[in-house]
file coords30.tsv (TSV, C-alpha atoms)
chain	number	residue	atom	x	y	z
A	28	MET	CA	6.74	73.55	-78.27
A	29	LYS	CA	8.67	75.85	-76.01
A	30	VAL	CA	10.83	73.97	-73.53
A	31	PRO	CA	11.52	75.80	-70.26
A	32	ILE	CA	15.19	76.48	-69.62
A	33	MET	CA	16.44	74.94	-66.38
A	34	GLU	CA	19.60	75.88	-64.58
A	35	THR	CA	22.18	73.30	-65.49
A	36	SER	CA	25.56	74.95	-65.19
A	37	ALA	CA	27.56	74.09	-62.09
A	38	SER	CA	29.71	77.17	-62.64
A	39	ASP	CA	26.79	79.55	-62.32
A	40	THR	CA	28.05	81.92	-59.65
A	41	LYS	CA	24.77	83.77	-59.27
A	42	LYS	CA	23.22	80.92	-57.35
A	43	PRO	CA	22.12	81.89	-53.84
A	44	ILE	CA	24.34	80.66	-51.02
A	45	GLN	CA	23.17	78.17	-48.46
A	46	ILE	CA	24.18	77.93	-44.82
A	47	GLU	CA	23.41	75.46	-42.08
A	48	ILE	CA	23.01	76.38	-38.43
A	49	PHE	CA	23.91	73.31	-36.39
A	50	PRO	CA	23.32	73.72	-32.63
A	51	LYS	CA	25.33	71.50	-30.26
A	52	ARG	CA	22.05	70.32	-28.73
A	53	MET	CA	18.59	69.80	-30.15
A	54	ILE	CA	16.56	72.88	-29.36
A	55	LYS	CA	13.17	73.38	-27.73
A	56	PRO	CA	10.17	74.87	-29.60
A	57	ASP	CA	10.44	78.13	-27.62
A	58	THR	CA	14.03	78.60	-28.69
A	59	VAL	CA	13.17	77.71	-32.29
A	60	GLU	CA	10.38	80.28	-32.24
A	61	GLY	CA	12.69	82.99	-30.85
A	62	LEU	CA	15.46	82.19	-33.30
A	63	LEU	CA	13.31	81.98	-36.40
A	64	ASN	CA	11.34	85.11	-35.52
A	65	LYS	CA	14.57	87.06	-35.33
A	66	LEU	CA	15.81	85.51	-38.56
A	67	CYS	CA	12.50	86.36	-40.26
A	68	SER	CA	13.11	90.02	-39.62
A	69	LEU	CA	16.25	89.95	-41.78
A	70	GLU	CA	16.08	90.86	-45.45
A	71	GLY	CA	17.63	88.43	-47.89
A	72	ILE	CA	16.62	84.99	-46.58
A	73	GLN	CA	14.91	83.19	-49.43
A	74	ARG	CA	14.16	79.76	-47.98
A	75	ALA	CA	14.52	78.06	-44.65
A	76	PHE	CA	14.51	74.40	-43.69
A	77	ILE	CA	14.20	72.97	-40.23
A	78	GLN	CA	15.20	69.37	-39.64
A	79	GLY	CA	15.37	66.95	-36.76
A	80	PRO	CA	14.04	63.64	-35.46
A	81	ARG	CA	10.34	63.23	-36.03
A	82	LEU	CA	7.94	63.25	-33.08
A	83	PRO	CA	5.19	60.70	-33.65
A	84	THR	CA	1.62	61.18	-32.42
A	85	LYS	CA	1.30	57.48	-31.58
A	86	VAL	CA	3.73	54.76	-30.52
A	87	PRO	CA	4.73	53.34	-33.92
A	88	PHE	CA	5.70	49.80	-32.92
A	89	GLY	CA	6.18	47.42	-30.01
A	90	PRO	CA	3.68	46.12	-27.46
A	91	ALA	CA	2.22	49.61	-26.90
A	92	VAL	CA	1.65	50.33	-30.60
A	93	GLY	CA	-1.06	52.92	-31.17
A	94	THR	CA	-0.84	54.49	-27.69
A	95	PRO	CA	-0.91	58.33	-27.90
A	96	VAL	CA	2.48	59.95	-27.19
A	97	HIS	CA	1.72	63.66	-26.44
A	98	HIS	CA	5.32	64.83	-26.78
A	99	PRO	CA	5.53	68.40	-25.40
A	100	SER	CA	7.89	69.43	-28.20
A	101	ARG	CA	5.25	68.65	-30.80
A	102	THR	CA	3.51	71.99	-30.62
A	103	ASN	CA	2.58	75.06	-32.63
A	104	VAL	CA	5.04	77.89	-33.15
A	105	HIS	CA	4.33	81.38	-34.45
A	106	PHE	CA	6.38	83.35	-36.94
A	107	GLY	CA	4.87	86.81	-37.22
A	108	LYS	CA	1.30	86.05	-38.23
A	109	THR	CA	2.00	82.55	-39.51
A	110	GLU	CA	1.30	79.57	-37.25
A	111	MET	CA	3.13	76.34	-37.94
A	112	GLY	CA	2.79	72.89	-36.38
A	113	LEU	CA	6.21	71.64	-35.32
A	114	GLU	CA	6.48	67.91	-36.02
A	115	VAL	CA	10.18	67.49	-35.29
A	116	LEU	CA	12.60	68.34	-32.50
A	117	VAL	CA	14.77	70.85	-34.27
A	118	GLY	CA	18.39	69.81	-34.73
A	119	ARG	CA	19.49	71.90	-37.70
A	120	ILE	CA	18.31	74.93	-39.63
A	121	THR	CA	19.24	75.46	-43.24
A	122	LEU	CA	18.91	78.90	-44.81
A	123	GLU	CA	19.18	80.04	-48.39
A	124	LEU	CA	20.50	83.59	-48.63
A	125	ALA	CA	20.52	86.05	-51.51
A	126	GLY	CA	24.00	87.20	-50.48
A	127	LYS	CA	26.61	86.98	-47.78
A	128	GLU	CA	25.92	90.43	-46.36
A	129	ILE	CA	23.67	89.21	-43.54
A	130	MET	CA	25.99	86.45	-42.30
A	131	GLU	CA	27.23	88.57	-39.40
A	132	GLU	CA	23.71	89.42	-38.32
A	133	ILE	CA	22.73	85.74	-38.42
A	134	ASN	CA	25.76	84.91	-36.31
A	135	ALA	CA	24.80	87.57	-33.76
A	136	ILE	CA	21.21	86.29	-33.59
A	137	CYS	CA	22.40	82.72	-33.01
A	138	GLU	CA	24.76	83.87	-30.28
A	139	ASP	CA	21.90	85.70	-28.53
A	140	THR	CA	19.26	83.02	-28.91
A	141	LEU	CA	20.91	79.62	-28.73
A	142	PRO	CA	21.74	78.54	-25.15
A	143	CYS	CA	24.29	75.98	-26.34
A	144	GLY	CA	27.16	76.22	-28.79
A	145	TYR	CA	26.54	76.02	-32.53
A	146	ASP	CA	28.31	75.72	-35.86
A	147	ILE	CA	27.48	77.58	-39.03
A	148	ARG	CA	28.73	76.12	-42.27
A	149	GLU	CA	28.27	76.96	-45.90
A	150	GLY	CA	27.49	74.34	-48.52
A	151	ARG	CA	24.74	72.82	-50.62
A	152	PHE	CA	21.92	71.64	-48.36
A	153	ILE	CA	18.74	72.31	-50.40
A	154	GLN	CA	18.11	71.47	-54.04
A	155	THR	CA	18.72	74.39	-56.38
A	156	ARG	CA	17.33	72.55	-59.39
A	157	GLN	CA	14.24	70.44	-59.83
A	158	THR	CA	14.63	66.79	-58.92
A	159	VAL	CA	12.92	64.13	-61.01
A	160	SER	CA	10.32	63.73	-58.28
A	161	ASP	CA	9.73	67.48	-58.22
A	162	TYR	CA	9.29	67.54	-61.96
A	163	ALA	CA	6.87	64.61	-61.88
A	164	LYS	CA	4.85	66.19	-59.08
A	165	ARG	CA	4.71	69.83	-60.21
A	166	GLY	CA	5.64	69.88	-63.89
A	167	PRO	CA	7.94	72.19	-65.80
A	168	THR	CA	6.39	75.46	-64.67
A	169	ALA	CA	6.78	74.94	-60.91
A	170	ASP	CA	7.71	77.82	-58.61
A	171	PRO	CA	11.53	77.71	-58.20
A	172	ALA	CA	11.03	78.44	-54.47
A	173	LEU	CA	9.53	74.98	-54.10
A	174	TYR	CA	12.44	73.08	-55.71
A	175	GLY	CA	13.60	70.26	-53.52
A	176	LEU	CA	10.60	70.57	-51.22
A	177	TYR	CA	8.96	67.46	-52.56
A	178	ASP	CA	7.85	64.91	-50.03
A	179	PRO	CA	5.97	61.99	-51.59
A	180	LYS	CA	4.14	61.28	-48.35
A	181	SER	CA	2.63	64.69	-47.78
A	182	LYS	CA	0.87	67.57	-49.45
A	183	VAL	CA	2.73	70.82	-50.06
A	184	GLU	CA	0.42	72.78	-47.76
A	185	SER	CA	1.23	70.66	-44.73
A	186	GLN	CA	5.03	70.92	-45.13
A	187	VAL	CA	5.72	74.33	-46.64
A	188	ASN	CA	4.95	77.65	-44.98
A	189	LEU	CA	5.24	80.80	-47.03
A	190	LEU	CA	5.98	83.86	-44.93
A	191	ARG	CA	4.86	86.95	-46.84
A	192	THR	CA	5.16	89.35	-43.94
A	193	ASN	CA	6.61	92.19	-46.01
A	194	GLU	CA	3.83	92.05	-48.57
A	195	LYS	CA	1.17	92.20	-45.85
A	196	GLU	CA	2.73	95.26	-44.36
B	1149	MET	CA	48.68	32.18	-4.31
B	1150	THR	CA	45.44	34.06	-4.54
B	1151	TYR	CA	44.55	35.23	-7.98
B	1152	GLU	CA	42.88	38.58	-8.44
B	1153	ALA	CA	41.05	39.00	-11.69
B	1154	GLN	CA	42.31	41.81	-13.91
B	1155	PHE	CA	39.51	43.10	-16.07
B	1156	TYR	CA	40.84	45.84	-18.29
B	1157	PRO	CA	44.19	47.50	-18.95
B	1158	GLY	CA	44.90	51.22	-18.89
B	1159	ALA	CA	45.68	54.07	-16.54
B	1160	THR	CA	43.06	56.66	-17.54
B	1161	SER	CA	39.79	57.37	-15.73
B	1162	VAL	CA	37.87	55.64	-18.53
B	1163	ALA	CA	39.91	52.46	-18.14
B	1164	GLU	CA	39.41	52.60	-14.37
B	1165	ASN	CA	35.63	52.95	-14.85
B	1166	ARG	CA	35.63	50.04	-17.29
B	1167	ARG	CA	37.35	47.89	-14.67
B	1168	LYS	CA	34.76	48.95	-12.10
B	1169	HIS	CA	31.81	48.10	-14.34
B	1170	MET	CA	33.25	44.70	-15.23
B	1171	SER	CA	34.08	43.78	-11.66
B	1172	GLY	CA	30.77	45.07	-10.31
B	1173	LYS	CA	32.52	47.19	-7.65
B	1174	VAL	CA	30.54	50.32	-8.44
B	1175	GLU	CA	29.26	53.08	-6.23
B	1176	LYS	CA	25.59	53.12	-5.28
B	1177	LEU	CA	24.13	56.54	-5.98
B	1178	ARG	CA	20.37	56.26	-5.59
B	1179	GLU	CA	17.58	54.14	-4.16
B	1180	ILE	CA	14.75	52.73	-6.26
B	1181	SER	CA	11.99	50.76	-4.58
B	1182	ASP	CA	10.96	47.32	-5.87
B	1183	ASP	CA	7.50	48.60	-6.77
B	1184	ASP	CA	8.89	51.53	-8.74
B	1185	LEU	CA	11.17	49.19	-10.64
B	1186	THR	CA	8.30	46.82	-11.41
B	1187	ILE	CA	6.20	49.72	-12.67
B	1188	ILE	CA	8.82	51.00	-15.11
B	1189	LEU	CA	9.64	47.51	-16.35
B	1190	GLY	CA	5.97	46.97	-17.07
B	1191	HIS	CA	5.96	43.16	-17.06
B	1192	ARG	CA	3.57	42.64	-14.14
B	1193	VAL	CA	1.46	44.59	-11.66
B	1194	PRO	CA	3.47	45.68	-8.59
B	1195	GLY	CA	2.80	43.59	-5.50
B	1196	THR	CA	1.57	40.54	-7.41
B	1197	ASP	CA	3.27	37.16	-7.38
B	1198	TYR	CA	5.75	36.26	-10.06
B	1199	PRO	CA	3.87	34.27	-12.71
B	1200	SER	CA	5.57	30.95	-13.37
B	1201	THR	CA	5.94	28.73	-16.42
B	1202	HIS	CA	6.61	25.51	-14.50
B	1203	PRO	CA	6.30	24.21	-10.93
B	1204	PRO	CA	9.17	24.90	-8.51
B	1205	LEU	CA	12.19	22.69	-9.22
B	1206	ALA	CA	11.90	21.08	-5.77
B	1207	GLU	CA	8.46	19.71	-6.68
B	1208	MET	CA	9.39	18.57	-10.16
B	1209	GLY	CA	11.52	15.56	-9.30
B	1210	GLU	CA	14.48	16.26	-11.54
B	1211	PRO	CA	16.44	13.38	-13.07
B	1212	GLU	CA	19.71	12.38	-11.46
B	1213	CYS	CA	22.52	14.46	-12.91
B	1214	SER	CA	25.93	15.36	-11.50
B	1215	ILE	CA	25.85	18.80	-13.14
B	1216	ARG	CA	22.44	19.57	-11.65
B	1217	GLU	CA	23.83	18.64	-8.25
B	1218	MET	CA	26.88	20.80	-8.71
B	1219	VAL	CA	25.17	23.96	-9.94
B	1220	GLU	CA	22.84	25.73	-7.56
B	1221	PRO	CA	19.82	27.07	-9.53
B	1222	THR	CA	19.12	30.80	-9.35
B	1223	ASP	CA	16.13	31.96	-7.30
B	1224	GLY	CA	14.08	32.55	-10.44
B	1225	ALA	CA	14.86	29.11	-11.83
B	1226	LYS	CA	14.05	27.47	-8.48
B	1227	ALA	CA	10.63	29.10	-8.44
B	1228	GLY	CA	9.92	28.47	-12.14
B	1229	ASP	CA	9.61	32.15	-13.14
B	1230	ARG	CA	8.94	33.09	-16.73
B	1231	ILE	CA	11.70	34.68	-18.83
B	1232	ARG	CA	11.42	38.49	-19.10
B	1233	TYR	CA	13.73	41.17	-20.43
B	1234	VAL	CA	15.20	44.53	-19.51
B	1235	GLN	CA	16.69	46.78	-22.17
B	1236	PHE	CA	19.00	49.73	-21.53
B	1237	VAL	CA	19.94	52.50	-23.92
B	1238	ASP	CA	22.97	54.69	-23.24
B	1239	SER	CA	23.76	58.00	-24.86
B	1240	MET	CA	27.01	58.48	-26.75
B	1241	TYR	CA	27.52	61.76	-24.90
B	1242	ASN	CA	29.50	60.57	-21.89
B	1243	ALA	CA	26.88	58.14	-20.57
B	1244	PRO	CA	28.37	56.18	-17.65
B	1245	SER	CA	27.98	52.78	-19.28
B	1246	THR	CA	27.82	51.37	-22.80
B	1247	PRO	CA	26.08	48.25	-24.13
B	1248	TYR	CA	29.31	46.20	-23.95
B	1249	PHE	CA	30.07	47.15	-20.37
B	1250	ARG	CA	26.52	46.46	-19.28
B	1251	SER	CA	26.91	43.02	-20.83
B	1252	TYR	CA	30.28	42.42	-19.18
B	1253	ASN	CA	28.81	43.50	-15.86
B	1254	THR	CA	25.81	41.20	-16.29
B	1255	ALA	CA	27.66	38.15	-17.55
B	1256	ILE	CA	30.47	38.34	-14.98
B	1257	ASN	CA	28.44	39.24	-11.89
B	1258	PHE	CA	25.05	37.55	-12.32
B	1259	ARG	CA	24.05	33.97	-13.07
B	1260	GLY	CA	21.34	32.62	-15.35
B	1261	VAL	CA	21.30	35.69	-17.58
B	1262	ASP	CA	21.44	36.06	-21.34
B	1263	PRO	CA	22.85	39.47	-22.29
B	1264	GLY	CA	22.55	40.68	-25.85
B	1265	THR	CA	24.71	43.55	-27.03
B	1266	LEU	CA	23.86	45.84	-29.92
B	1267	SER	CA	25.43	49.09	-31.01
B	1268	GLY	CA	23.03	51.32	-29.12
B	1269	ARG	CA	21.18	49.12	-26.69
B	1270	GLN	CA	21.69	46.19	-24.42
B	1271	VAL	CA	19.04	43.65	-23.59
B	1272	VAL	CA	19.16	40.99	-20.89
B	1273	GLU	CA	16.82	38.04	-20.75
B	1274	ALA	CA	16.55	36.11	-17.52
B	1275	ARG	CA	14.08	34.62	-15.07
B	1276	GLU	CA	11.91	37.52	-13.92
B	1277	ARG	CA	13.26	37.97	-10.39
B	1278	ASP	CA	16.87	37.50	-11.52
B	1279	MET	CA	16.33	40.11	-14.22
B	1280	GLU	CA	14.87	42.54	-11.69
B	1281	GLU	CA	17.88	42.04	-9.43
B	1282	LEU	CA	20.36	43.08	-12.12
B	1283	ALA	CA	18.12	45.87	-13.46
B	1284	LYS	CA	17.96	47.33	-9.96
B	1285	PHE	CA	21.71	47.01	-9.51
B	1286	GLN	CA	22.46	48.81	-12.77
B	1287	LEU	CA	19.85	51.53	-12.17
B	1288	GLU	CA	20.89	52.31	-8.62
B	1289	THR	CA	24.63	52.46	-9.13
B	1290	GLU	CA	26.97	54.76	-11.01
B	1291	MET	CA	26.44	52.57	-14.10
B	1292	THR	CA	23.40	54.71	-14.90
B	1293	CYS	CA	22.76	58.43	-15.16
B	1294	PRO	CA	18.99	58.93	-15.39
B	1295	ALA	CA	19.39	61.62	-18.08
B	1296	LEU	CA	21.97	59.82	-20.22
B	1297	ALA	CA	20.58	56.29	-19.96
B	1298	CYS	CA	17.06	54.94	-20.09
B	1299	LEU	CA	15.06	51.74	-20.00
B	1300	ARG	CA	13.64	51.37	-23.49
B	1301	GLY	CA	11.93	48.19	-24.56
B	1302	ALA	CA	10.78	49.67	-27.87
B	1303	SER	CA	11.96	52.59	-30.04
B	1304	VAL	CA	15.51	52.83	-28.77
B	1305	HIS	CA	16.75	55.50	-31.15
B	1306	GLY	CA	18.18	58.57	-29.48
B	1307	HIS	CA	21.45	57.19	-28.17
B	1308	SER	CA	23.41	58.50	-31.17
B	1309	LEU	CA	21.54	61.80	-31.48
B	1310	ARG	CA	22.60	65.04	-29.84
B	1311	LEU	CA	21.18	65.63	-26.38
B	1312	GLN	CA	18.14	67.83	-25.92
B	1313	GLU	CA	18.58	71.41	-24.80
B	1314	ASP	CA	17.97	70.38	-21.17
B	1315	GLY	CA	20.69	67.71	-21.31
B	1316	VAL	CA	18.37	64.68	-21.46
B	1317	MET	CA	18.85	62.01	-24.12
B	1318	PHE	CA	16.24	62.37	-26.88
B	1319	ASP	CA	13.31	59.97	-26.74
B	1320	MET	CA	10.52	60.27	-29.27
B	1321	LEU	CA	8.12	58.55	-26.83
B	1322	GLU	CA	9.16	60.81	-23.93
B	1323	ARG	CA	9.35	58.12	-21.29
B	1324	VAL	CA	11.41	60.33	-19.01
B	1325	ARG	CA	11.38	64.06	-18.54
B	1326	LEU	CA	13.25	66.62	-16.49
B	1327	GLU	CA	11.01	68.17	-13.84
B	1328	ASN	CA	12.35	70.56	-11.19
B	1329	GLY	CA	15.85	69.29	-11.66
B	1330	THR	CA	15.06	65.59	-11.30
B	1331	ILE	CA	14.33	62.92	-13.87
B	1332	ILE	CA	10.78	61.62	-13.73
B	1333	VAL	CA	9.69	58.40	-15.44
B	1334	GLN	CA	6.14	58.69	-16.74
B	1335	LYS	CA	5.94	55.71	-19.10
B	1336	ASP	CA	7.09	52.13	-18.85
B	1337	GLN	CA	9.79	50.52	-21.02
B	1338	VAL	CA	7.63	50.26	-24.11
B	1339	GLY	CA	5.83	53.62	-23.89
B	1340	ARG	CA	2.65	52.83	-21.96
B	1341	PRO	CA	1.72	55.64	-19.52
B	1342	ILE	CA	2.06	54.57	-15.88
B	1343	ASP	CA	-0.22	55.51	-12.99
B	1344	LYS	CA	2.50	56.67	-10.64
B	1345	LYS	CA	5.42	58.85	-11.65
B	1346	VAL	CA	8.77	57.38	-10.64
B	1347	ASP	CA	11.55	59.71	-9.53
B	1348	LEU	CA	15.01	58.56	-10.65
B	1349	GLY	CA	16.82	61.45	-9.02
B	1350	LYS	CA	19.09	64.18	-10.28
B	1351	PRO	CA	20.99	63.80	-13.53
B	1352	MET	CA	24.78	63.90	-13.36
B	1353	SER	CA	26.43	67.22	-14.11
B	1354	ASP	CA	28.52	67.40	-17.29
B	1355	GLU	CA	31.71	67.18	-15.25
B	1356	GLU	CA	30.53	64.19	-13.23
B	1357	ALA	CA	29.36	62.34	-16.34
B	1358	ALA	CA	32.74	62.98	-17.99
B	1359	LYS	CA	34.43	61.61	-14.86
B	1360	ARG	CA	32.28	58.48	-14.60
B	1361	THR	CA	31.98	57.55	-18.27
B	1362	THR	CA	33.35	54.38	-19.88
B	1363	ILE	CA	33.44	56.05	-23.31
B	1364	TYR	CA	36.67	57.30	-24.82
B	1365	ARG	CA	35.99	60.60	-26.61
B	1366	VAL	CA	38.28	63.17	-28.20
B	1367	ASP	CA	36.61	65.86	-26.10
B	1368	ASN	CA	37.15	63.94	-22.86
B	1369	VAL	CA	39.74	61.15	-22.61
B	1370	PRO	CA	40.91	60.24	-26.12
B	1371	TYR	CA	41.48	56.55	-26.83
B	1372	ARG	CA	44.98	57.16	-28.15
B	1373	GLU	CA	46.00	58.69	-24.83
B	1374	ASP	CA	45.66	55.32	-23.15
B	1375	LYS	CA	48.96	53.75	-24.23
B	1376	GLU	CA	48.54	50.54	-22.24
B	1377	VAL	CA	45.11	49.84	-23.76
B	1378	LEU	CA	46.44	50.47	-27.26
B	1379	GLU	CA	49.34	48.13	-26.65
B	1380	TRP	CA	47.06	45.33	-25.45
B	1381	VAL	CA	44.54	45.81	-28.23
B	1382	HIS	CA	47.37	45.61	-30.76
B	1383	ARG	CA	48.70	42.49	-29.07
B	1384	VAL	CA	45.28	40.77	-29.15
B	1385	PHE	CA	44.76	41.69	-32.80
B	1386	GLU	CA	48.21	40.50	-33.78
B	1387	GLN	CA	47.92	37.18	-31.96
B	1388	ARG	CA	44.44	36.58	-33.30
B	1389	THR	CA	45.60	37.26	-36.85
B	1390	MET	CA	48.97	35.52	-36.79
B	1391	TYR	CA	48.36	32.60	-34.48
B	1392	GLY	CA	44.61	32.10	-34.34
B	1393	TYR	CA	44.52	32.73	-30.58
B	1394	LYS	CA	47.21	30.13	-29.96
B	1395	PRO	CA	50.01	32.17	-28.39
B	1396	ALA	CA	51.92	28.94	-27.68
B	1397	VAL	CA	52.64	28.70	-31.41
B	1398	GLN	CA	54.35	32.08	-31.30
B	1399	GLU	CA	58.14	31.87	-31.36

call {"tool": "encode", "arguments": {"input": "coords30.tsv", "output": "structure tokens"}}
result
Amino acid sequence: MKVPIMETSASDTKKPIQIEIFPKRMIKPDTVEGLLNKLCSLEGIQRAFIQGPRLPTKVPFGPAVGTPVHHPSRTNVHFGKTEMGLEVLVGRITLELAGKEIMEEINAICEDTLPCGYDIREGRFIQTRQTVSDYAKRGPTADPALYGLYDPKSKVESQVNLLRTNEKE
Amino acid sequence: MTYEAQFYPGATSVAENRRKHMSGKVEKLREISDDDLTIILGHRVPGTDYPSTHPPLAEMGEPECSIREMVEPTDGAKAGDRIRYVQFVDSMYNAPSTPYFRSYNTAINFRGVDPGTLSGRQVVEARERDMEELAKFQLETEMTCPALACLRGASVHGHSLRLQEDGVMFDMLERVRLENGTIIVQKDQVGRPIDKKVDLGKPMSDEEAAKRTTIYRVDNVPYREDKEVLEWVHRVFEQRTMYGYKPAVQE
């Protein structure tokens, strides 16, 4: 039986670099839409993560449990032709880049778009190898672009948006 | 000799604000009507009587007791009100008060109250009308900025998160929102929508919040800048450790 080869070496320097955009304040859906649309237009971004506190649809506990919340930040945003339901108030954006060449452009976009200050730092923020949960969920032949995107509580379709704008054009 | 209570050491603006909060000598900044307060607390319908759990003390025929004679009951206790709560959450980003200073303010300046302090929230239990009195005091004075503090009976998280883009403390239930430059309350403490929107007034500017805060921060007034506070904190720690709070034992 042929066993698929997984990346195991920590000294592999060909791994894509990851950066985190960390705004000083949590940003509104409009700002997120503007920022990500500009970032989408750049070549060389392989994956993007947005994170922040979750916005529930109903009051989760307490005397008013079950009452609808209707948070205005829980809305739909558009990236090119892709529509995505925003379920969090965005507090950080993680990007995986093919190379460092576009760092300056990303910096310029953030400066233009974000109304508050921000930090950009480089590090490891998204899985680059399959986790055990990933492996159990998708098996050995999973798409490497989906590594680390495993959420046991949800289906892939509801959490992952694939932007294939270039292919459509 | 008249003794004047000294509440907190230090010469910085933060230390001064801490003294003000503890002593209760704070500036009144806004007006909130009784009905508005009752609506956002959500314990009873505005305009109704206070429900009671026992008859008024005067009708109960209390047993003879020297302590009972010495201590005047609070208005709520006299009337037999039920016990209700108010819970405040303060942001870590230069909110005027903090859970500890709300508790100090409550315990020093009000009677018949039971303050509970947690890392991000502060809850006070008291007879209903006594609780309303202190809630109104803390909401109307410089102890509260409507954008950086909030009444939250349930789901208090948000105090340690970054502020929203508009400068309001994050709340997943969106009890308050910024509308035309003022903070509007649209849900009660626990997240039930209310019929009438309550206006809490303008939020403090960043500069004003930094001036009125009781929080030491490296980007405002750092703790280590307040030499007198450091000295006293060290003294308390040393005496507690070495002499078990018995300074008389110290040579």

call {"tool": "closest_atom_pairs", "arguments": {"input": "coords30.tsv", "of": "chain B", "to": "chain A", "cutoff": "7 Å", "atoms": "only C-alpha atoms", "output": "CSV"}}
result
residue,atom,partner,partner_atom,distance
B:Ala1302,CA,A:Gly89,CA,5.5
B:Arg1310,CA,A:Arg52,CA,5.4
B:Leu1311,CA,A:Arg52,CA,5.3
B:Gln1312,CA,A:Met53,CA,4.7
B:Glu1313,CA,A:Ile54,CA,5.2
B:Met1320,CA,A:Leu82,CA,5.5
B:Leu1321,CA,A:Val96,CA,5.8
B:Glu1322,CA,A:His98,CA,6.2
B:Val1338,CA,A:Ala91,CA,6.1
B:Gly1339,CA,A:Ala91,CA,6.2
B:Arg1340,CA,A:Ala91,CA,5.9

call {"tool": "write_last_selection", "arguments": {"input": "coords30.tsv", "atoms": "C-alpha atoms", "output": "tab-separated table (two decimals), keeping the file's coordinate frame"}}
result
chain	number	residue	atom	x	y	z
B	1302	ALA	CA	10.78	49.67	-27.87
B	1310	ARG	CA	22.60	65.04	-29.84
B	1311	LEU	CA	21.18	65.63	-26.38
B	1312	GLN	CA	18.14	67.83	-25.92
B	1313	GLU	CA	18.58	71.41	-24.80
B	1320	MET	CA	10.52	60.27	-29.27
B	1321	LEU	CA	8.12	58.55	-26.83
B	1322	GLU	CA	9.16	60.81	-23.93
B	1338	VAL	CA	7.63	50.26	-24.11
B	1339	GLY	CA	5.83	53.62	-23.89
B	1340	ARG	CA	2.65	52.83	-21.96

call {"tool": "atom_distance", "arguments": {"input": "coords30.tsv", "atom1": "atom CA of Pro1203 of chain B", "atom2": "atom CA of Thr1186 of chain B"}}
result
22.7 Å

call {"tool": "atom_distance", "arguments": {"input": "coords30.tsv", "atom1": "atom CA of Ile44 of chain A", "atom2": "atom CA of Leu122 of chain A"}}
result
8.4 Å

call {"tool": "residues_around", "arguments": {"input": "coords30.tsv", "residues": "segment 173-175 of chain A", "least_positions_apart": "2", "cutoff": "7 Å", "atoms": "all atoms listed in the file", "output": "PyMOL selection string"}}
result
chain A and resi 153-158+161+170-171+177

call {"tool": "residues_near_point", "arguments": {"input": "coords30.tsv", "point": "(9.4, 66.3, -10.8)", "cutoff": "12 Å", "atoms": "all atoms listed in the file", "output": "list in words"}}
result
Val1324, Arg1325, Leu1326, Glu1327, Asn1328, Gly1329, Thr1330, Ile1331, Ile1332, Val1333, Gln1334, Lys1344, Lys1345, Val1346, Asp1347, Leu1348, Gly1349 and Lys1350 of chain B

call {"tool": "residues_around", "arguments": {"input": "coords30.tsv", "residues": "segment 1233-1241 of chain B", "least_positions_apart": "3", "cutoff": "9 Å", "atoms": "only C-alpha atoms", "output": "count of residues only"}}
result
44

call {"tool": "residues_around", "arguments": {"input": "coords30.tsv", "residues": "Leu113 of chain A", "least_positions_apart": "5", "cutoff": "10 Å", "atoms": "all atoms listed in the file", "output": "PyMOL selection string"}}
result
chain A and resi 56+59+77+81-82+100-105+186

call {"tool": "atom_distance", "arguments": {"input": "coords30.tsv", "atom1": "atom CA of Phe106 of chain A", "atom2": "atom CA of Glu149 of chain A"}}
result
24.5 Å

call {"tool": "closest_residue", "arguments": {"input": "coords30.tsv", "among": "B:Arg1277, B:Asp1182, B:Thr1265, B:Gly1172", "to": "Ala1227 of chain B", "atoms": "only C-alpha atoms"}}
result
B:Arg1277

call {"tool": "decode", "arguments": {"input": "coords30.tsv", "residues": "segment 1167-1174 of chain B", "atoms": "N, CA and C atoms", "output": "CSV table (one decimal), in the first residue's frame"}}
result
chain,number,residue,atom,x,y,z
B,1167,ARG,N,-9.4,57.5,45.3
B,1167,ARG,CA,-9.9,58.1,46.6
B,1167,ARG,C,-11.3,58.6,46.4
B,1168,LYS,N,-11.6,59.2,45.2
B,1168,LYS,CA,-12.9,59.8,45.0
B,1168,LYS,C,-14.0,58.7,45.0
B,1169,HIS,N,-13.7,57.6,44.3
B,1169,HIS,CA,-14.7,56.5,44.2
B,1169,HIS,C,-15.0,55.9,45.6
B,1170,MET,N,-13.9,55.7,46.3
B,1170,MET,CA,-14.1,55.1,47.7
B,1170,MET,C,-14.9,56.0,48.6
B,1171,SER,N,-14.6,57.3,48.5
B,1171,SER,CA,-15.2,58.3,49.5
B,1171,SER,C,-16.6,58.6,49.0
B,1172,GLY,N,-16.9,58.4,47.7
B,1172,GLY,CA,-18.3,58.7,47.2
B,1172,GLY,C,-18.4,60.2,46.8
B,1173,LYS,N,-17.3,60.9,46.9
B,1173,LYS,CA,-17.3,62.3,46.5
B,1173,LYS,C,-17.0,62.5,45.0
B,1174,VAL,N,-18.0,62.0,44.2
B,1174,VAL,CA,-17.7,62.0,42.7
B,1174,VAL,C,-18.7,63.0,42.0
